[in-house]
Structure formats: C-alpha cells, structure tokens
Amino acid sequence: MTPVLVADALSKRYRTTWALTDCNLSIPAGHVVGLVGPNGAGKSTLLNLAVGLTPPTSGSVEVLGRGPGSSRAQLARVGFVAQNPSLYTALSVVDHLKLGARLNRTWDAPYAQRRIDRLGVDPGRRAGGLSGGQLAQLALTMAIAKRPELLILDEPVASVDPLARRDFLTDLADAVGEADMSVILSSHLITDLERVCDYLIVLTSARVQVAGPVKELLAGHRVVAPPDDADDRRSPSVISIGELADRAAQDPAWSAPQPSLEDLVLAYLSRDPTPGGNRTVLEARQ
Amino acid sequence: MIWLTWRQFRTQAMVALGVLAGVAVLFCLTGQNLHQIFDSSGIATCRSADACSAAQSAFLDRVKGDSLYPVLYFAGIGGSYLALAAMGMFWGAPLIARELEAGTFRLTWNQSTTRTRWLAVKLGVITLTGMAAAGLCSWLITWWSGPIDRADAMPGYNTQAIPNRFNPLIFGARDVLPVGCAAFALVLGITIGLLVRRTLPAMAVTFAVFVAALVVLPVTVWPHIATPQHTVTELRTSGGPGTHYDQEGSRMSVSMEVNIPGAWVLSTQTVDPAGRPFTGPVTPACAATNATPQACFASIDRLNLRQVVTYQPASRYWRFQWSETAAYLVLAGIMTAFCIRRIRLSEARPAQ
C-alpha cells in the first residue's frame, strides 16, 4: 500500500528561520498519526507542505504517492482542517455545507447533514457566532464529508475547552472507524494523542526525533529506575531496550517497566536536540 | 465556485444596486426636463449660424440659470470617478486580501477546486459585474449630459462655458471609457490586495494608485495616442474679451482664448514672428506709467505675435474613447496574469 506521506530531506525556510530541517519520513497508510512537538517546532509547516499550501525550500514531499495538491484530483483526496479553523464568519453553517457541496465532486451531503444535526447546532447560525468547539466540529465535518483518503488536522482543538476537545476526538475516532481513511493529527497535548493515535511522530526544533507505531515505540523503550537502596539518586529515565540490556546486566535489581506514551514523548521532547548532546539517554531501536 | 463568489459578494452588490437605482431615478427625471429644454431651444433644427448661435445661448443660459443642472452635471462626473475608486477599494482590494487576512483561503484552497480556478472565477465575476455597473452608470450620465455636450461642442458661444466632453476630466465619465476604467480599478484592487495581504492597507494603496493613474495618464500617455494637430493664429488682441495679459518685471505674457469646438486643447503657446516662444520684453506703451489699455494692446498687436495651439480635434473623440478603454483593459489583463501566476506559487505562512 502506498504510504500516505513520504518526506525526503524536506526543508522549509521562512526568510532567515528554518521551520523544518532535513525531514525524512514515511508514514504507512491506515494509521491515525499523532504529530507532537512544542509550539514552533515545525508541525504546522510540515502539514502545510503536505497539503500544498506551502512549497518546500528543498527536498520533496509526496502525499498518497503524488506531489501535494494543486491539481483538482489530488485536492479531492486530502482533507484539511487548519489551525484555528478558518471559516467564513459571515456565512452560516448551511452556507458552509453548501460551499462544500459546490466545491467538491465527492461530497457526502447526507453525512454532513447527519453530523450537524447530531451536534445540535442551529444550521442558520453564522460561523462567527459559534463556539470554538462548534467551529472545530464544523471544520471537521467539512473535511470528512469530502470523503478524503487522508485527513490532515493541524491543532484542530488547540483553542477548545476540554469537554469539547474530548467530544471532537471521540467523533474523529468514530469517523475513522466508519470510513477507510488515514489521519495525521498535530497537537502539543499528549493526552489528545493518547486517545486516538496509533502512530507517533515527535518533532522538535524543526527535526524529526522519533517516528513509529505507538505499540512498537512503547515496547521498544523502558523506564529505568535504580533500585531503592542504590546509591544512584538519578531520577527514572526512559531508555531503549538496547541500553537496558547493558544496564540490567550490570545490576539486575534495576526496575524497568514499559513507559507510558507521555513518559516517552516527554523524554524525547526534553532531549537535547543538538548533535553530540546527551543522546545516550535515548536511542530508539525497532 | 460562482455560487460562493456570489454568496460572499451579494451584500455589496445589493448596496451598489440600491445606490445605482436611486441615482438612476434622479437622473432620469431631471434628464427628461433637460432634453425638453434642449428640444424647445431649437438647436437641433436651426439652419443659419446666427439662429444656431442664438439657440445655443438661449439653451446654455437657461441651463445655467437653474442651479440644479450645473450641480447634477458636475455631480455626475465626480460621482463616476468616485464610484470607480470605490469599486477598486471596496470590491477589488478586499477580494483576496480578506481571505488571506482571515485565513479562510486555507478552507477554500483545500476543497476540490484549484486555486487558479478560485481566483479566476472570483476575479471574473467581480470584474464583469463592475464593468456592467460602470457601463450602466456611464450610459445614464452620458445620456443626461448629451444636450449640454452637444450645445457645448458648437462654435460661437462664449468660451468661458463648461469644458467640452473631450476634456480629460469629463472624457473619463463618458461613453465606454468608464467600463475599461472599472476593469482597471477592480483588478488593480485585487492585485494590490494579493500583494499587501491586509484589507485596510490594501484599500488605501488602491485608492492612492488609482487616483495617481487618473492624474498621470491624461498628462503623459493619452495625448500621444494620435499625433496632435496644430493651428497657428495671428495674435490680435485689440483689447477684446478673452485676452490674457500678464506683466512681471520686464517680462510679459499674452494669449487669446482658444475656441476649437469639441477639441481637447493640449497646449497654447505664443511665439514671435521668428517662431521663438514670446516672453517679453514689455512694450514701452505697456511699461509706461501712464499707459492706457488701448495703447498697450495696440503695441502688442504691432509685434505680429502668433499663437500656436496644439490639440486633438473633436473628430478623434471616439478613437480616443476606444484607445483609452483598450489600454485600461490591457493593463487589467496584465495584472490578472500576474495574479494567477502569483497565486499558483504563493506561500501560505502558518500562523505560529
């Protein structure tokens, strides 16, 4: 099966700052991919490159086997929900659905209607009068109703209250279950990703730190804590299995449970990204 | 896409339609009266030069006697320019700039419609609508002003009258030219919006550039559409009306009113018998402390000065109308091509 996204030495510079440096990725189809990293790490840039809103400075990116989309056919295959859902404040909910129906050949009108009905939003209401959660839901509805093969969401729930965020992610998970659709979802909130993602990419300082299926990543790492009576007062740290073997061979009393997703992500986020830094703490081997 | 364009544009279009309807009623009602005055003046049926001159005077005096007509005459011209500038500012500039500013382009550019098509439809619908509106307005104003323009293009009447329709100020508010100018104003606004990316600054820049174009083009480019014609007349002041005389130190300038019916006068220059521009010296009869106007003017006449008038004759009116319209359309076309190229390569910076 064609990977949903292949990046080859992909880099993007805005004037003098590199927003993304030498990004190499191959994301297999059929996953809900979580793209995690601190603000300004290049998540939005990577996603904008993937939907063709931004051209790369160097390197290349392929989405569903083709260059990202300025062609009509390619645009139809990829759904996108931008950061801070950019909807027309003066247009009503119904107008937005009409917009989707007019601009997409593969529009699933009954689905869109069902979804809006279920949300309990007044269809005549202007988008400018909707809450953040409703806006995100409307944007998601539009992106799914065009029936894309790949759905890309750029921090869709960043500015939404926790309850609305949970509803949104639940709805997203349901939609993925119903349709044969891959998803790439960016967030800086690990709990969001834990709920829906089965594939993880950690991006910091414009570089990909680690990428892989969540299960494999968790199975490939251990939280290492020195035994209670050890002189070593270092706090527990997440390390790879390879390193664990060395350490455990020295002292079998060390405990080594599997990390939680949060532990894993935090360990990669706090890692010194510069080459030659404290790389020994973590080295993912799969 | 056409639906979306219309949905976003309809409020502005309705406002414009309302204004246009109001203006149309006003001009239709007063225009009928004006045409009646013209018909009853006998200008259209006069045979002899004297009769025509009398009819012309009677008509223009009556028109000037009622302040309503002069006011509407100039309001029609001013309103035309204002409407064109407003189109560029309020329809053109925000068209793309607002989408870039609000980020809504991210939504539209990710539907299954290419952004080239998105731009082409938006630009096309708005520009054609604007051109149609400008055409209607211009047709109405040209019809309304028809009697005055016709009376004004006749020989004879005191040349202090209203400038004729070939004068650049009035020319731009007549016949087809506003249609081309509307296309130019709108595409200019759209282009500036695309470059500036913010609505309010784009509107301000559009206004400034449009006004600059209206001021600069009639001075620099339009006069060269056709090689101007010249007439040379002997300068015989005889103290008659229409003589301009100015004295400053030892220099003096003198000229006569030009009366070339229906022409666009580009320049008038007074030259001496050798063909050099005349700037003095002041004749003794004029410099004398006890100078009388009669003696002064008589001394000027003895210099055998001539006046060279450079002008575009009335017969070129339509040639200039079509040429300037075409030039505006070509400019609009170039800017459209630029916009389409630019939008294809354009960057969408993520909001960080």
# chains A, B, ... in the order shown; residues from 1 in each chain; ligands from 1
>>> interface_residues(of="chain B", to="chain A", cutoff="12 Å", atoms="only C-alpha atoms", output="mmCIF file with N, CA and C atoms, in the first residue's frame")
data_model
loop_
_atom_site.group_PDB
_atom_site.id
_atom_site.type_symbol
_atom_site.label_atom_id
_atom_site.label_comp_id
_atom_site.auth_asym_id
_atom_site.auth_seq_id
_atom_site.Cartn_x
_atom_site.Cartn_y
_atom_site.Cartn_z
ATOM 1 N N MET B 1 -18.355 27.349 -7.414
ATOM 2 C CA MET B 1 -17.432 28.479 -7.187
ATOM 3 C C MET B 1 -18.125 29.800 -7.460
ATOM 4 N N ILE B 2 -18.934 29.796 -8.543
ATOM 5 C CA ILE B 2 -19.700 31.008 -8.844
ATOM 6 C C ILE B 2 -20.687 31.279 -7.712
ATOM 7 N N TRP B 3 -21.251 30.178 -7.187
ATOM 8 C CA TRP B 3 -22.184 30.347 -6.071
ATOM 9 C C TRP B 3 -21.490 31.014 -4.883
ATOM 10 N N LEU B 4 -20.303 30.508 -4.550
ATOM 11 C CA LEU B 4 -19.573 31.056 -3.397
ATOM 12 C C LEU B 4 -19.239 32.530 -3.626
ATOM 13 N N THR B 5 -18.774 32.839 -4.823
ATOM 14 C CA THR B 5 -18.426 34.219 -5.139
ATOM 15 C C THR B 5 -19.645 35.128 -4.947
ATOM 16 N N TRP B 6 -20.763 34.670 -5.466
ATOM 17 C CA TRP B 6 -21.982 35.464 -5.350
ATOM 18 C C TRP B 6 -22.420 35.581 -3.893
ATOM 19 N N ARG B 7 -22.311 34.456 -3.148
ATOM 20 C CA ARG B 7 -22.735 34.456 -1.752
ATOM 21 C C ARG B 7 -21.921 35.466 -0.942
ATOM 22 N N GLN B 8 -20.632 35.576 -1.244
ATOM 23 C CA GLN B 8 -19.771 36.495 -0.496
ATOM 24 C C GLN B 8 -19.955 37.936 -0.956
ATOM 25 N N PHE B 9 -20.443 38.087 -2.179
ATOM 26 C CA PHE B 9 -20.456 39.408 -2.823
ATOM 27 C C PHE B 9 -21.828 40.055 -2.751
ATOM 28 N N ARG B 10 -22.873 39.260 -2.436
ATOM 29 C CA ARG B 10 -24.226 39.747 -2.686
ATOM 30 C C ARG B 10 -24.583 40.988 -1.864
ATOM 31 N N THR B 11 -24.097 41.082 -0.602
ATOM 32 C CA THR B 11 -24.430 42.244 0.200
ATOM 33 C C THR B 11 -23.917 43.518 -0.462
ATOM 34 N N ARG B 98 -8.881 39.900 2.147
ATOM 35 C CA ARG B 98 -9.651 39.467 3.312
ATOM 36 C C ARG B 98 -9.489 37.963 3.544
ATOM 37 N N GLU B 99 -9.422 37.196 2.470
ATOM 38 C CA GLU B 99 -9.249 35.742 2.610
ATOM 39 C C GLU B 99 -7.881 35.423 3.208
ATOM 40 N N LEU B 100 -6.870 36.187 2.780
ATOM 41 C CA LEU B 100 -5.523 35.945 3.292
ATOM 42 C C LEU B 100 -5.442 36.375 4.746
ATOM 43 N N GLU B 101 -6.112 37.485 5.054
ATOM 44 C CA GLU B 101 -6.062 38.036 6.403
ATOM 45 C C GLU B 101 -6.782 37.126 7.396
ATOM 46 N N ALA B 102 -7.963 36.650 7.010
ATOM 47 C CA ALA B 102 -8.765 35.834 7.923
ATOM 48 C C ALA B 102 -8.350 34.364 7.890
ATOM 49 N N GLY B 103 -7.499 33.989 6.934
ATOM 50 C CA GLY B 103 -7.066 32.598 6.849
ATOM 51 C C GLY B 103 -8.073 31.687 6.160
ATOM 52 N N THR B 104 -9.170 32.262 5.676
ATOM 53 C CA THR B 104 -10.215 31.430 5.077
ATOM 54 C C THR B 104 -9.766 30.797 3.760
ATOM 55 N N PHE B 105 -8.673 31.317 3.183
ATOM 56 C CA PHE B 105 -8.165 30.703 1.962
ATOM 57 C C PHE B 105 -7.751 29.252 2.221
ATOM 58 N N ARG B 106 -7.363 28.958 3.469
ATOM 59 C CA ARG B 106 -6.977 27.581 3.805
ATOM 60 C C ARG B 106 -8.154 26.634 3.642
ATOM 61 N N LEU B 107 -9.342 27.139 3.955
ATOM 62 C CA LEU B 107 -10.541 26.309 3.794
ATOM 63 C C LEU B 107 -10.831 26.103 2.308
ATOM 64 N N THR B 108 -10.858 27.207 1.569
ATOM 65 C CA THR B 108 -11.279 27.137 0.171
ATOM 66 C C THR B 108 -10.238 26.427 -0.693
ATOM 67 N N TRP B 109 -8.985 26.675 -0.408
ATOM 68 C CA TRP B 109 -7.928 26.057 -1.217
ATOM 69 C C TRP B 109 -7.813 24.562 -0.964
ATOM 70 N N ASN B 110 -8.507 24.056 0.072
ATOM 71 C CA ASN B 110 -8.460 22.627 0.317
ATOM 72 C C ASN B 110 -9.759 21.930 -0.046
ATOM 73 N N GLN B 111 -10.637 22.629 -0.735
ATOM 74 C CA GLN B 111 -11.743 21.950 -1.391
ATOM 75 C C GLN B 111 -11.208 21.465 -2.739
ATOM 76 N N SER B 112 -12.042 20.676 -3.436
ATOM 77 C CA SER B 112 -11.521 20.099 -4.693
ATOM 78 C C SER B 112 -11.649 21.075 -5.858
ATOM 79 N N THR B 113 -11.175 22.280 -5.650
ATOM 80 C CA THR B 113 -11.163 23.289 -6.711
ATOM 81 C C THR B 113 -9.794 23.937 -6.682
ATOM 82 N N THR B 114 -9.152 24.013 -7.832
ATOM 83 C CA THR B 114 -7.801 24.577 -7.809
ATOM 84 C C THR B 114 -7.875 26.060 -7.475
ATOM 85 N N ARG B 115 -6.792 26.571 -6.911
ATOM 86 C CA ARG B 115 -6.816 27.977 -6.510
ATOM 87 C C ARG B 115 -6.775 28.888 -7.728
ATOM 88 N N THR B 116 -6.258 28.381 -8.833
ATOM 89 C CA THR B 116 -6.281 29.174 -10.064
ATOM 90 C C THR B 116 -7.724 29.421 -10.492
ATOM 91 N N ARG B 117 -8.508 28.351 -10.427
ATOM 92 C CA ARG B 117 -9.909 28.484 -10.800
ATOM 93 C C ARG B 117 -10.640 29.395 -9.802
ATOM 94 N N TRP B 118 -10.319 29.212 -8.543
ATOM 95 C CA TRP B 118 -10.907 30.040 -7.485
ATOM 96 C C TRP B 118 -10.681 31.515 -7.794
ATOM 97 N N ILE B 343 -0.619 33.485 -7.482
ATOM 98 C CA ILE B 343 -1.415 32.660 -6.567
ATOM 99 C C ILE B 343 -0.998 31.199 -6.683
ATOM 100 N N ARG B 344 -0.492 30.809 -7.846
ATOM 101 C CA ARG B 344 -0.051 29.439 -8.040
ATOM 102 C C ARG B 344 1.179 29.154 -7.188
ATOM 103 N N LEU B 345 2.056 30.148 -7.078
ATOM 104 C CA LEU B 345 3.307 29.959 -6.356
ATOM 105 C C LEU B 345 3.221 30.459 -4.928
ATOM 106 N N SER B 346 2.034 30.968 -4.553
ATOM 107 C CA SER B 346 2.010 31.766 -3.332
ATOM 108 C C SER B 346 2.278 30.925 -2.100
ATOM 109 N N GLU B 347 2.762 31.568 -1.108
ATOM 110 C CA GLU B 347 3.105 30.970 0.159
ATOM 111 C C GLU B 347 1.952 31.160 1.112
ATOM 112 N N ALA B 348 1.700 30.150 1.894
ATOM 113 C CA ALA B 348 0.741 30.329 2.972
ATOM 114 C C ALA B 348 1.515 30.122 4.260
ATOM 115 N N ARG B 349 1.861 31.214 4.891
ATOM 116 C CA ARG B 349 2.658 31.076 6.116
ATOM 117 C C ARG B 349 1.764 30.574 7.240
ATOM 118 N N PRO B 350 2.200 29.530 7.918
ATOM 119 C CA PRO B 350 1.382 29.048 9.023
ATOM 120 C C PRO B 350 1.361 30.083 10.143
ATOM 121 N N ALA B 351 0.206 30.222 10.752
ATOM 122 C CA ALA B 351 0.103 31.136 11.887
ATOM 123 C C ALA B 351 0.758 30.470 13.085
ATOM 124 N N GLN B 352 1.871 30.988 13.536
ATOM 125 C CA GLN B 352 2.587 30.332 14.646
ATOM 126 C C GLN B 352 2.117 30.873 15.973
#
>>> residues_around(residues="stretch 163-174 of chain B", least_positions_apart="5", cutoff="10 Å", atoms="only C-alpha atoms", output="PyMOL selection string")
chain B and resi 73-74+76-81+84+134-135+137-143+145-146+148-154+179-181+214-215+217-219+222-223+261-266+312-314+316-318+320-321+324-325
>>> write_last_selection(atoms="N, CA and C atoms", output="compact mmCIF listing (two decimals), in the first residue's frame")
# COMPACT_ATOMS: atom_id res chain seq x y z
N TYR B 73 -24.71 68.07 -13.35
CA TYR B 73 -23.73 67.86 -14.41
C TYR B 73 -22.37 67.49 -13.81
N PHE B 74 -21.94 68.29 -12.84
CA PHE B 74 -20.64 68.01 -12.23
C PHE B 74 -20.71 66.84 -11.24
N GLY B 76 -22.47 64.24 -11.67
CA GLY B 76 -22.39 63.03 -12.50
C GLY B 76 -20.95 62.67 -12.79
N ILE B 77 -20.14 63.68 -13.10
CA ILE B 77 -18.72 63.43 -13.40
C ILE B 77 -17.98 62.98 -12.15
N GLY B 78 -18.15 63.76 -11.06
CA GLY B 78 -17.47 63.41 -9.80
C GLY B 78 -17.92 62.05 -9.30
N GLY B 79 -19.23 61.81 -9.39
CA GLY B 79 -19.77 60.54 -8.93
C GLY B 79 -19.20 59.36 -9.69
N SER B 80 -18.99 59.55 -11.00
CA SER B 80 -18.42 58.48 -11.81
C SER B 80 -17.05 58.07 -11.28
N TYR B 81 -16.21 59.08 -11.09
CA TYR B 81 -14.85 58.78 -10.61
C TYR B 81 -14.88 58.16 -9.21
N LEU B 84 -15.88 54.58 -9.41
CA LEU B 84 -14.80 53.73 -9.91
C LEU B 84 -13.77 53.47 -8.81
N ALA B 134 -20.54 50.00 -14.22
CA ALA B 134 -19.93 51.23 -14.72
C ALA B 134 -20.52 51.61 -16.07
N GLY B 135 -20.79 50.59 -16.90
CA GLY B 135 -21.39 50.85 -18.20
C GLY B 135 -22.77 51.47 -18.08
N CYS B 137 -24.02 53.13 -15.48
CA CYS B 137 -23.85 54.48 -14.92
C CYS B 137 -23.44 55.45 -16.02
N SER B 138 -22.44 55.04 -16.77
CA SER B 138 -21.88 55.92 -17.78
C SER B 138 -22.92 56.22 -18.87
N TRP B 139 -23.67 55.19 -19.23
CA TRP B 139 -24.71 55.36 -20.25
C TRP B 139 -25.73 56.39 -19.79
N LEU B 140 -26.12 56.26 -18.52
CA LEU B 140 -27.11 57.19 -17.95
C LEU B 140 -26.58 58.62 -17.93
N ILE B 141 -25.33 58.77 -17.47
CA ILE B 141 -24.76 60.12 -17.33
C ILE B 141 -24.49 60.72 -18.70
N THR B 142 -24.04 59.88 -19.63
CA THR B 142 -23.79 60.38 -20.98
C THR B 142 -25.10 60.85 -21.65
N TRP B 143 -26.14 60.07 -21.43
CA TRP B 143 -27.45 60.46 -21.97
C TRP B 143 -27.91 61.78 -21.34
N SER B 145 -26.17 64.14 -19.95
CA SER B 145 -25.35 65.29 -20.32
C SER B 145 -25.36 65.56 -21.82
N GLY B 146 -25.99 64.69 -22.58
CA GLY B 146 -25.98 64.81 -24.04
C GLY B 146 -26.31 66.21 -24.54
N ILE B 148 -26.13 69.13 -23.11
CA ILE B 148 -25.10 70.12 -22.75
C ILE B 148 -23.84 69.88 -23.58
N ASP B 149 -23.46 68.60 -23.72
CA ASP B 149 -22.27 68.28 -24.51
C ASP B 149 -22.43 68.73 -25.95
N ARG B 150 -23.64 68.54 -26.50
CA ARG B 150 -23.86 68.92 -27.90
C ARG B 150 -23.83 70.43 -28.07
N ALA B 151 -24.50 71.14 -27.16
CA ALA B 151 -24.51 72.60 -27.25
C ALA B 151 -23.11 73.14 -27.07
N ASP B 152 -22.35 72.47 -26.24
CA ASP B 152 -21.02 72.95 -25.92
C ASP B 152 -20.04 72.75 -27.07
N ALA B 153 -20.31 71.74 -27.90
CA ALA B 153 -19.39 71.45 -29.00
C ALA B 153 -19.66 72.32 -30.21
N MET B 154 -20.68 73.22 -30.14
CA MET B 154 -20.97 74.09 -31.27
C MET B 154 -20.06 75.30 -31.23
N VAL B 179 -16.12 51.89 -18.50
CA VAL B 179 -16.14 50.42 -18.46
C VAL B 179 -14.71 49.88 -18.38
N GLY B 180 -13.83 50.41 -19.21
CA GLY B 180 -12.43 49.98 -19.16
C GLY B 180 -11.78 50.39 -17.86
N CYS B 181 -12.13 51.59 -17.42
CA CYS B 181 -11.55 52.12 -16.19
C CYS B 181 -11.99 51.27 -14.98
N LEU B 214 -5.16 58.17 -12.64
CA LEU B 214 -6.10 59.09 -13.30
C LEU B 214 -5.49 60.46 -13.53
N VAL B 215 -4.57 60.85 -12.67
CA VAL B 215 -3.93 62.15 -12.82
C VAL B 215 -2.80 62.09 -13.85
N LEU B 217 -1.96 59.57 -16.25
CA LEU B 217 -2.17 59.07 -17.61
C LEU B 217 -2.64 60.15 -18.59
N PRO B 218 -3.61 61.02 -18.24
CA PRO B 218 -4.05 62.03 -19.20
C PRO B 218 -2.97 63.04 -19.56
N VAL B 219 -1.97 63.15 -18.69
CA VAL B 219 -0.91 64.12 -18.97
C VAL B 219 0.22 63.46 -19.78
N TRP B 222 -2.03 59.54 -22.67
CA TRP B 222 -3.17 59.71 -23.59
C TRP B 222 -2.91 60.72 -24.72
N PRO B 223 -2.21 61.84 -24.47
CA PRO B 223 -2.02 62.80 -25.57
C PRO B 223 -1.29 62.19 -26.76
N PRO B 261 -14.10 74.12 -31.35
CA PRO B 261 -15.25 73.41 -30.78
C PRO B 261 -14.99 71.91 -30.67
N GLY B 262 -15.25 71.39 -29.48
CA GLY B 262 -15.19 69.95 -29.26
C GLY B 262 -13.80 69.36 -29.22
N ALA B 263 -12.76 70.21 -29.23
CA ALA B 263 -11.40 69.67 -29.26
C ALA B 263 -10.83 69.57 -27.86
N TRP B 264 -9.82 68.70 -27.73
CA TRP B 264 -9.06 68.63 -26.49
C TRP B 264 -7.79 69.45 -26.72
N VAL B 265 -7.75 70.62 -26.12
CA VAL B 265 -6.61 71.51 -26.30
C VAL B 265 -5.49 71.08 -25.36
N LEU B 266 -4.34 70.69 -25.93
CA LEU B 266 -3.23 70.20 -25.12
C LEU B 266 -2.36 71.34 -24.63
N GLN B 312 -6.17 67.92 -29.96
CA GLN B 312 -6.74 66.74 -30.61
C GLN B 312 -8.13 67.16 -31.08
N PRO B 313 -8.43 67.07 -32.37
CA PRO B 313 -9.70 67.57 -32.87
C PRO B 313 -10.88 66.71 -32.42
N ALA B 314 -12.04 67.33 -32.46
CA ALA B 314 -13.26 66.66 -31.99
C ALA B 314 -13.53 65.36 -32.72
N ARG B 316 -11.67 63.06 -33.32
CA ARG B 316 -10.93 61.92 -32.76
C ARG B 316 -11.54 61.42 -31.46
N TYR B 317 -12.68 61.98 -31.09
CA TYR B 317 -13.29 61.64 -29.80
C TYR B 317 -13.42 60.13 -29.62
N TRP B 318 -14.04 59.47 -30.60
CA TRP B 318 -14.28 58.03 -30.45
C TRP B 318 -13.00 57.22 -30.54
N PHE B 320 -10.18 58.11 -29.39
CA PHE B 320 -9.58 58.18 -28.06
C PHE B 320 -10.38 57.37 -27.04
N GLN B 321 -11.69 57.41 -27.15
CA GLN B 321 -12.51 56.61 -26.24
C GLN B 321 -12.10 55.14 -26.31
N GLU B 324 -8.25 54.47 -25.17
CA GLU B 324 -8.01 54.51 -23.73
C GLU B 324 -8.69 53.33 -23.03
N THR B 325 -9.89 53.00 -23.50
CA THR B 325 -10.59 51.84 -22.93
C THR B 325 -9.74 50.58 -23.14
>>> residues_around(residues="A:Leu5", least_positions_apart="6", cutoff="6 Å", atoms="only C-alpha atoms", output="list in words")
Ser26, Ile27, Glu62 and Val63 of chain A
>>> residues_around(residues="A:Phe168", least_positions_apart="2", cutoff="9 Å", atoms="only C-alpha atoms", output="ChimeraX atom specification")
/A:133,136-137,140,156-157,163-166,170-173
>>> select_by_dssp(residues="stretch 73-249 of chain A", states="alpha helix (DSSP H)", output="PyMOL selection string")
chain A and resi 73-77+93-103+109-119+132-145+162-178+190-196+214-219+241-249
>>> residues_around(residues="B:Thr191", least_positions_apart="3", cutoff="9 Å", atoms="only C-alpha atoms", output="list in words")
Gly92, Ala93, Ile96, Leu186, Val187, Leu188, Leu194, Leu195, Val196, Met335, Thr336, Phe338 and Cys339 of chain B
>>> write_last_selection(atoms="C-alpha atoms", output="PDB file, in the first residue's frame")
ATOM      1  CA  GLY B  92     -11.377  44.774  -5.552  1.00  0.00           C
ATOM      2  CA  ALA B  93      -8.957  45.222  -2.660  1.00  0.00           C
ATOM      3  CA  ILE B  96      -8.224  38.306  -1.896  1.00  0.00           C
ATOM      4  CA  LEU B 186     -11.040  46.369  -9.829  1.00  0.00           C
ATOM      5  CA  VAL B 187      -8.103  44.282 -10.994  1.00  0.00           C
ATOM      6  CA  LEU B 188      -5.762  46.890  -9.518  1.00  0.00           C
ATOM      7  CA  LEU B 194      -2.903  39.928  -3.118  1.00  0.00           C
ATOM      8  CA  LEU B 195       0.424  41.689  -2.603  1.00  0.00           C
ATOM      9  CA  VAL B 196      -0.378  43.617   0.578  1.00  0.00           C
ATOM     10  CA  MET B 335      -2.400  42.357 -13.758  1.00  0.00           C
ATOM     11  CA  THR B 336      -4.763  39.363 -13.995  1.00  0.00           C
ATOM     12  CA  PHE B 338       0.328  38.375 -12.708  1.00  0.00           C
ATOM     13  CA  CYS B 339      -2.245  37.470 -10.035  1.00  0.00           C
TER      14      CYS B 339
END
>>> closest_residue(among="B:Ala55, B:Met89, B:Cys28, B:Leu128", to="B:Ser40", atoms="only C-alpha atoms")
B:Ala55
>>> residues_around(residues="A:Leu169", least_positions_apart="5", cutoff="8 Å", atoms="only C-alpha atoms", output="list in words")
Asp192, Arg195 and Val196 of chain A
>>> closest_residue(among="B:Val176, B:Val121, B:Ala274, B:Val309", to="B:Gln229", atoms="only C-alpha atoms")
B:Val309
>>> select_by_dssp(residues="stretch 63-300 of chain B", states="strand (DSSP E or B)", output="PyMOL selection string")
chain B and resi 229-234+243-248+251-256+264-271+277
>>> residues_around(residues="A:Pro213", least_positions_apart="6", cutoff="7 Å", atoms="only C-alpha atoms", output="list of chain:residue names")
A:Asp198, A:Tyr199, A:Leu200
>>> closest_residue(among="A:Leu138, A:Val33, A:Ile144, A:Pro123", to="A:Tyr111", atoms="only C-alpha atoms")
A:Ile144
>>> closest_residue(among="B:Leu34, B:Leu82, B:Val25, B:Met256", to="B:Gly242", atoms="only C-alpha atoms")
B:Met256
>>> closest_residue(among="B:Gln36, B:Leu123, B:Cys52, B:Ala44", to="B:Ile340", atoms="only C-alpha atoms")
B:Leu123
